[in-house]
Structures are given as structure tokens and as C-alpha cells.
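Note sheet for the following structure.
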Amino acid sequence: MFWVLLLYLICVFVFSWKNFRAGVGLLILLLPAYLIRIRIGPLPTTVLEMTLGAVCLVWLIKYFREDGGKIVVAVKERPWFFGLVGFFFVASLVGIFVSGVGAIKLNYGQNTYQAFGIWRAFFLEPMILFFILLGRVKSGALSVGDITKFLIWSGVSVALVAVSQKIFGWPYAPSLWNDEIGGRATSFFTSPNAVGLYLGPLFVLCLTRLLRWKYIPDLIWFVLFGLALLFSWSQGAWLALSGAVIIILYLLRKKRTAIVIALLGLALALYWVPVREAMTFADKASQNRLHLWNYSWQYLSQSPAHFIGGAGLRQFFWKVQYPFFQEDTRAMEILTYPHSFFLNFWSEIGLVGACSFLGILIYLFYLSVQIYRRDKLLGAGMVGLLVVYFIHGLVDVPYFKNDLSIMFWLYVLVLFLQSHHDAGSDGART
């Protein structure tokens with residue numbers, strides 16, 4: 001196995017050395033490959049992480065000197081944004097050490113070493129990739145259009161598997177073969193909601209490109225993503241996409257169409273029982289979320305240390321849910337996050353981390369407004385992308401997963417560069 005992994009690393013390294021743009025494309029296409037988990041001695045890793053490591057090594061050896069100065073200039077141009085990014089990074093680092101404070105000493109508990117692995121995958125590596133690609137775009141070797149296309153193409157395999165599951169009844173992940181999932185598509189993942197979290201923003205990117213009537217082939221992916229989202233039965237994704245489409249239409253001055261869609265959605269919420277129950281938090285999944293939010297607040301308000309520091313990386317179950325889980329193990333399954341984007345970050349990396357993440361989102365909305373003033377269609381699409389992320393994040397976990405954390409920083413990069421006029425040859429357009 002070691003020699004196979006070494007050969008793979010060498011192949012990716014050589015491939016990226018010869019064509020760095022293609023190496024970045026391969027990396028983004030392989031985002032779901034985090035599910036292939038392996039160990040190199042005592043070190044756990046994934047195929048995605050190995051691919052990222054090879055691409056980063058090529059950049060460090062070949063392009064660091066060329067791109068480093070451009071990255072520094074970009075940071076100086078946007079001190080407020082990168083200040084928030086810095087606070088976010090430092091808070092995530094602190095979350096490693098908070099994890100070991102007061103941890104329950106059980107076999108499945110997270111210790112500081114394991115928390116470091118989570119931090120590496122969810123924070124360090126995605127943010128390193130963000131700065132590498134920022135430097136490459138600023139050097140003119142990569143464009144925002146390239147990154148957008150790679151992102152959309154990465155969703156094709158996810159959507160194809162999801163649609164195949166619904167039509168043919170296969171393939172499902174082995175861990176789901178004996179589970180009751182009600183015929184919902186899960187694609188490569190173990191949860192139908194993961195399909196919505198992955199494909200929802202990509203659906204909006206496809207829509208934005210289609211509205212320009214310049215990327216007609218994206219119609220295939222647009223339909224494919226729509227079917228996969230439908231078959232996943234991810235109500236959070238449906239709600240988020242509905243909100244995004246309404247806002248995009250409104251910003252494009254299609255107010256009557258936006259109002260009609262909003263009224264149809266309201267009628268659907270009133271008369272279709274599953275949607276009405278989800279909207280009013282009457283179904284089991286919504287009730288579980290209310291419990292999780294209540295557990296989270298009880299923990300965070302217990303002491304100033306909890307309020308400021310949270311529970312630490314991957315400690316939500318052991319420090320927050322576990323005391324209630326002991327009372328009735330049948331009431332709710334083991335969960336690792338409270339399923340609300342602000343509480344997710346607050347419990348994992350503390351109040352500073354949650355506030356800095358919220359600040360980053362607000363700043364991205366500000367950049368989207370700037371884009372809208374220059375290019376209404378592109379700006380509306382960028383606002384829609386953030387709306388999907390924000391609404392779905394109110395009831396789910398759109399960041400704390402290997403693929404989703406990288407995707408988030410790629411979206412940040414796209415938005416950040418779209419607000420500049422020098423974002424590459426087609427970088428000013430998705």
C-alpha cells in the first residue's frame with residue numbers, strides 16, 4: 001500500500017508540475033475523494049489530502065517566489081477582510097487546545113492530537129489552498145472562470161451517482177445498505193443532506209452562467225444538479241435555493257416573477273404537509289435541531305469559559321449532547337454539530353471564531369453588492385450563492401466536512417476576485 005500511495009503522489013506531483021492549472025482542476029474534481037481514508041504509519045489521511053499536498057508542494061517549489069509578493073499586496077489592499085480571516089484562523093487554532101479541556105475520558109473521545117487532525121483538514125489546508133490560488137490568479141496563470149468550471153465539474157459525479165440511486169436503486173455507500181433512508185439519494189455520502197450541501201451552491205453557479213446565454217452546455221449540469229437535489233429530498237437545500245432564486249430575480253428587476261414564486265412557495269408550505277412541518281419545526285428532524293440548539297445554549301451559558309471558548313474541535317457530542325444522550329439514547333442519534341452555522345462555529349472554535357466567520361460572510365455580501373453595481377447579473381448570482389449558504393447553514397452544517405470546507409474557501413476566492421477588475425482573462429465572469 002505504501003508504494004501505491006507513493007506512486008500516486010509522484011504522479012500527481014509530476015502532473016501538476018507540467019500543468020499546474022490541470023493539477024488544480026484534478027484536485028477540485030477529487031473533492032469527494034476525502035471518503036477514501038488511509039493511514040501512512042500513525043498518520044491518518046485521505047486521497048484528497050494527498051492530492052492537495054502534492055499540488056501545494058509544486059507551488060511551494062515552483063511558484064512561491066513569483067506569487068508571494070502578489071499575495072502580500074492583495075492582503076494590504078483588503079486589510080479588513082484579511083484581518084477577519086486572521087482572527088478566524090487564530091480562533092480555530094485555539095479550538096485545538098480547548099478540545100482537551102474537560103474532555104470526557106472515553107474510548108471514542110477526541111483528544112488534542114485528534115483535534116489537530118480535524119483542524120488541519122477543515123482550516124489549515126483549505127486556507128493554504130485559498131492563498132495559493134489567490135497568488136496564481138494574481139499572476140495571471142489561473143482565472144476565476146477556471147475555478148468556477150472546476151467546481152461545477154466536481155459536482156457532476158456527485159449528481160450522477162445520486163440520480164442513478166433514484167432510478168436504478170444503486171450504488172449506495174456500504175454503511176447505508178441496512179439503513180432506512182426512505183429512498184433518498186445520498187450519492188457518495190452517508191447522508192442525503194450532504195448532497196444538498198454540496199450541490200446547492202453549484203446549482204446557483206450554473207444558473208448564473210446560464211443567464212448570460214454564453215455557457216449553454218451548463219444546461220446539462222443545471223438539470224442534472226436539479227434532479228439530484230430533488231431526489232435527495234433535502235428540504236434545507238430546497239428552502240435555500242428557493243430563497244436564492246427569489247432574490248436573484250428581484251435583483252434582476254423581475255419583481256413580479258419573484259413575487260409569484262414566493263407566493264407559490266408559501267402556498268406549498270401551507271398545503272404540503274412535509275414542507276409545512278419542516279417550516280414550522282413540527283417534524284422530527286426540526287424538533288431534533290431545536291433540542292440541539294437548546295443543549296448548545298445551556299452549555300455555552302454555563303460559564304464564561306464555555307461562553308468564550310466553546311467546547312473545542314469535535315467535542316460537541318461529548319461535552320454538549322452526551323449528558324442528555326445518557327438520559328434517553330433512543331431520543332436522538334449521536335451528532336457532532338448543533339446544525340446552525342453560528343452555533344457550529346461557536347461550539348467548535350469559540351465566540352471569536354463564530355463572530356469572525358459571521359464578519360467574513362457580511363464582508364462577502366458587501367463585495368457582492370460592489371459586484372452588483374458593476375455587473376447586475378454577476379452580482380445577483382454572487383448574492384444568490386451567499387443566500388444559499390446562509391439559509392442552508394441556519395439548519396445544517398455547510399462547513400465542517402473535508403470537501404465543504406475547501407469549497408467554502410473556493411467560493412470566498414471567487415467572490416473576492418470577482419470584486420476586482422483584474423481577476424484574469426475571464427476572471428471577471430463566472
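Scheme for the C-alpha cells: letters A, B, ... for chains in order shown; per-chain residue numbers from 1; ligand numbers from 1 in order shown.
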
Self-check item: Contacts of A:Tyr250 at 12 Å (only C-alpha atoms; same-chain gap of 3+ positions) as a list of chain:residue names
Solution: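 Counting only C-alpha atoms, the residues come to A:Gly243, A:Ala244, A:Val245, A:Ile246, A:Ile247, A:Arg253, A:Lys254, A:Lys255, A:Arg256, A:Thr257, A:Ala258, A:Ile259, A:Val260, A:Ile261, A:Ala262, A:Lys376, A:Leu377, A:Ala380, A:Gly381, A:Val383, A:Gly384.
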
Exercise. Please identify all polymer residues within 9 Å of A:Ala121, counting only C-alpha atoms, omitting same-chain residues fewer than 4 positions from it, and present them as a list in words.
Key: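 In the requested format, the answer is Glu49, Phe116, Gly117, Glu125, Pro126, Lys401, Asn402, Ser405 and Ile406 of chain A.
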
Write a file of the just-selected residues containing N, CA and C atoms, as a CSV table (one decimal), in the first residue's frame.
chain,number,residue,atom,x,y,z
A,49,GLU,N,-6.5,14.7,0.6
A,49,GLU,CA,-5.4,15.4,1.3
A,49,GLU,C,-4.1,15.1,0.7
A,116,PHE,N,-6.2,18.2,16.4
A,116,PHE,CA,-5.2,18.8,15.4
A,116,PHE,C,-5.5,18.2,14.0
A,117,GLY,N,-5.8,17.0,13.9
A,117,GLY,CA,-6.1,16.4,12.6
A,117,GLY,C,-7.4,17.0,12.0
A,125,GLU,N,-5.5,23.4,5.7
A,125,GLU,CA,-5.4,23.1,4.3
A,125,GLU,C,-6.3,23.9,3.4
A,126,PRO,N,-7.6,24.1,3.7
A,126,PRO,CA,-8.4,24.9,2.8
A,126,PRO,C,-7.9,26.4,2.7
A,401,LYS,N,-16.8,19.7,7.0
A,401,LYS,CA,-16.5,18.5,6.2
A,401,LYS,C,-15.4,18.8,5.3
A,402,ASN,N,-14.6,17.7,5.0
A,402,ASN,CA,-13.4,18.0,4.2
A,402,ASN,C,-13.7,18.7,2.9
A,405,SER,N,-15.4,22.4,3.4
A,405,SER,CA,-14.5,23.5,3.9
A,405,SER,C,-13.7,24.0,2.8
A,406,ILE,N,-13.2,23.1,1.9
A,406,ILE,CA,-12.4,23.6,0.8
A,406,ILE,C,-13.3,24.4,-0.2

Quiz prompt | Residue among A:Leu239, A:Ile360, A:Ile118, A:Leu413 lying closest to A:Thr45, counting only C-alpha atoms | solution =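 Counting only C-alpha atoms, the residue closest to A:Thr45 is A:Ile118.
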
Practice problem: Just list the residues in stretch 16-190 of chain A DSSP gives strand (DSSP E) on the backbone, as number ranges by chain. | Solution: A: 37-40, 43-46

Quiz item: atom CA of A:Ser242 and atom CA of A:Pro338 are how many Å apart?
Solution: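 Those two atoms sit 23.6 Å apart.
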
Quiz item: With only C-alpha atoms as the basis for distance, which of A:Tyr172, A:Trp318, A:Phe123, A:Tyr299 is at the shortest distance from A:Gly86?
Solution: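 When distances to A:Gly86 are compared using only C-alpha atoms, the smallest one comes from A:Phe123.
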